[in-house]
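As structure tokens, the structure follows; a few thoughts come after it.
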Amino acid sequence: MDKRQAIGSWLSGPRAAMEEAGADFGYRGEQLGLPEDGPGSLARPGRRLGALAVDWGLCLLIAYGLITDGYGQATSNWALLIFLVMSLLTVGTLGFTPGKRLFGLRVAHLDTGTVHPGRAALRTVLLCLAVPALVWDRDGRGLHDRLARTVEVRI
């Protein structure tokens, strides 16, 4: 192994280095019983972040235009509260927020396929704390999804 390969495996992470060594991890979502691609497959991080950005922008726009009439710390606090309420209502009833729908995603329970409002509440509160959403497993699911036993899938 030359130096470029060693640096490349370091930059690409331990998973890539193990795959080059011959380990087979399968595809993301295989352990959850989800298809590799197409409807019902695990949502990719780019789509999930895009949906989150749309939802946050919508909540920020509502807070800016209807509540605070200017941008400041209060606007961000109101936007977080609006995001919490919007996510509770839409994920708990429909299974998706406006941003998730725009990006073709929905939240599903691992066993039943639909999200109970209690699980949606747990997932949303943990998502608003931000730290659980930044800790991912090897399937790409955040800690907030693992604790609520939910997964974001493509529609």
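In the structure tokens, the first chain shown is A, the next is B, and so on; residue numbers restart at 1 for each chain, and ligands run from 1 in the order shown.
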
Would you list the contacts of stretch 43-53 of chain A as number ranges by chain, taking every protein, DNA or RNA residue within 6 Å and counting only C-alpha atoms, but skipping same-chain residues closer than 5 positions in sequence?
A: 99-100, 152-154

Expected file contents, prior selection, C-alpha atoms, as a PDB file, in the first residue's frame:
```
ATOM      1  CA  GLY A  99     -40.251  19.960   3.228  1.00  0.00           C
ATOM      2  CA  LYS A 100     -40.266  16.161   3.412  1.00  0.00           C
ATOM      3  CA  GLU A 152     -37.230   8.318   6.913  1.00  0.00           C
ATOM      4  CA  VAL A 153     -37.991   6.588   3.630  1.00  0.00           C
ATOM      5  CA  ARG A 154     -38.531   7.679   0.063  1.00  0.00           C
TER       6      ARG A 154
END
```

field: Close residues, A:Leu88 itself excluded, 8 Å, only C-alpha atoms, min 6 positions apart in chain, as a PyMOL selection string
entry: chain A and resi 117+120-121+124

Residue with the minimum atom-to-atom distance to A:Gly95, picked from A:Ala108, A:Leu58, A:Leu32, A:Leu81 with only C-alpha atoms counted, is A:Ala108

Query raised in the report: Which residues come within 12 Å of A:Leu129, counting only C-alpha atoms, excluding same-chain residues fewer than 5 positions away, as a PyMOL selection string?
Result: chain A and resi 80-81+83-84+122-124+134-135+143-144

Only all heavy atoms, please: the residues just picked out, written as a tab-separated table (two decimals), in the first residue's frame.
```tsv
chain	number	residue	atom	x	y	z
A	80	LEU	N	-38.11	28.08	16.06
A	80	LEU	CA	-37.95	26.75	16.66
A	80	LEU	C	-39.27	26.26	17.23
A	80	LEU	O	-39.63	25.09	17.06
A	80	LEU	CB	-36.87	26.77	17.73
A	80	LEU	CG	-36.55	25.43	18.39
A	80	LEU	CD1	-36.02	24.45	17.35
A	80	LEU	CD2	-35.55	25.62	19.51
A	81	LEU	N	-40.01	27.14	17.89
A	81	LEU	CA	-41.31	26.75	18.44
A	81	LEU	C	-42.30	26.40	17.32
A	81	LEU	O	-43.03	25.41	17.41
A	81	LEU	CB	-41.87	27.87	19.32
A	81	LEU	CG	-43.21	27.58	19.98
A	81	LEU	CD1	-43.08	26.44	20.98
A	81	LEU	CD2	-43.75	28.83	20.65
A	83	PHE	N	-41.46	25.33	14.35
A	83	PHE	CA	-40.97	24.07	13.79
A	83	PHE	C	-41.44	22.89	14.64
A	83	PHE	O	-41.88	21.87	14.11
A	83	PHE	CB	-39.45	24.09	13.71
A	83	PHE	CG	-38.86	22.83	13.15
A	83	PHE	CD1	-38.84	22.60	11.80
A	83	PHE	CD2	-38.35	21.85	13.99
A	83	PHE	CE1	-38.30	21.44	11.27
A	83	PHE	CE2	-37.82	20.69	13.49
A	83	PHE	CZ	-37.79	20.48	12.13
A	84	LEU	N	-41.37	23.04	15.96
A	84	LEU	CA	-41.82	21.98	16.87
A	84	LEU	C	-43.30	21.68	16.66
A	84	LEU	O	-43.70	20.52	16.48
A	84	LEU	CB	-41.55	22.38	18.31
A	84	LEU	CG	-42.02	21.41	19.38
A	84	LEU	CD1	-41.08	20.22	19.47
A	84	LEU	CD2	-42.14	22.09	20.72
A	122	LEU	N	-41.89	12.26	20.37
A	122	LEU	CA	-40.56	11.94	20.86
A	122	LEU	C	-39.51	12.29	19.81
A	122	LEU	O	-38.49	12.92	20.11
A	122	LEU	CB	-40.47	10.46	21.23
A	122	LEU	CG	-39.09	9.94	21.62
A	122	LEU	CD1	-38.61	10.61	22.90
A	122	LEU	CD2	-39.12	8.43	21.76
A	123	ARG	N	-39.76	11.90	18.57
A	123	ARG	CA	-38.82	12.17	17.49
A	123	ARG	C	-38.62	13.66	17.29
A	123	ARG	O	-37.50	14.14	17.12
A	123	ARG	CB	-39.35	11.52	16.21
A	123	ARG	CG	-38.46	11.71	15.03
A	123	ARG	CD	-39.12	11.16	13.75
A	123	ARG	NE	-38.19	11.17	12.65
A	123	ARG	CZ	-37.92	12.25	11.93
A	123	ARG	NH1	-38.50	13.40	12.21
A	123	ARG	NH2	-37.06	12.19	10.95
A	124	THR	N	-39.71	14.43	17.33
A	124	THR	CA	-39.63	15.87	17.09
A	124	THR	C	-38.90	16.59	18.21
A	124	THR	O	-38.07	17.47	17.95
A	124	THR	CB	-41.05	16.44	16.92
A	124	THR	OG1	-41.68	15.78	15.81
A	124	THR	CG2	-41.02	17.92	16.66
A	134	LEU	N	-27.55	14.57	15.11
A	134	LEU	CA	-26.19	14.60	14.57
A	134	LEU	C	-25.42	13.31	14.82
A	134	LEU	O	-24.32	13.15	14.31
A	134	LEU	CB	-25.43	15.79	15.16
A	134	LEU	CG	-26.01	17.16	14.81
A	134	LEU	CD1	-25.26	18.25	15.56
A	134	LEU	CD2	-25.98	17.40	13.32
A	135	VAL	N	-25.98	12.41	15.60
A	135	VAL	CA	-25.34	11.12	15.88
A	135	VAL	C	-26.03	10.08	15.01
A	135	VAL	O	-27.21	9.79	15.20
A	135	VAL	CB	-25.46	10.75	17.38
A	135	VAL	CG1	-24.84	9.41	17.65
A	135	VAL	CG2	-24.85	11.83	18.24
A	143	LEU	N	-29.98	9.41	15.93
A	143	LEU	CA	-30.34	8.86	17.23
A	143	LEU	C	-31.81	9.16	17.55
A	143	LEU	O	-32.48	8.35	18.20
A	143	LEU	CB	-29.42	9.45	18.31
A	143	LEU	CG	-29.53	8.88	19.71
A	143	LEU	CD1	-29.28	7.38	19.72
A	143	LEU	CD2	-28.56	9.59	20.64
A	144	HIS	N	-32.32	10.29	17.08
A	144	HIS	CA	-33.73	10.61	17.31
A	144	HIS	C	-34.65	9.59	16.63
A	144	HIS	O	-35.69	9.23	17.17
A	144	HIS	CB	-34.05	12.03	16.86
A	144	HIS	CG	-33.90	12.26	15.39
A	144	HIS	ND1	-32.68	12.16	14.73
A	144	HIS	CD2	-34.79	12.58	14.44
A	144	HIS	CE1	-32.86	12.41	13.45
A	144	HIS	NE2	-34.13	12.66	13.24
```

For this session: Identify, with DSSP run on backbone atoms, the residues in chain A assigned to strand (DSSP E or B), and express the list as a PyMOL selection string.
Result: chain A and resi 42+105-109+136+142+150-154

Expected answer as an MDAnalysis selection string: helix (DSSP H, G or I) residues in stretch 49-153 of chain A | chainID A and resid 49:68 73:93 98:102 117:129 131:134 143:148

A straight line from atom CA of A:Phe25 to atom CA of A:Asp139 spans 9.9 Å

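Nearest residue to A:Ala79, choosing from A:Val115, A:Val131, A:Leu147, A:Ile67 and counting only C-alpha atoms: A:Ile67.
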
The residue from A:Ser41, A:Trp56, A:Tyr27, A:Val151 with the smallest atom-to-atom distance to A:Thr112, counting only C-alpha atoms, is A:Val151

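Separating atom CA of A:Ile155 from atom CA of A:His116 is a distance of 18.3 Å.
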
### Message
For A:Arg138, find every residue with an atom within 10 Å (counting only C-alpha atoms), except residues of its own chain fewer than 3 positions away, and show them as a ChimeraX atom specification.
### Response
/A:15,25,27-29,31,141-142
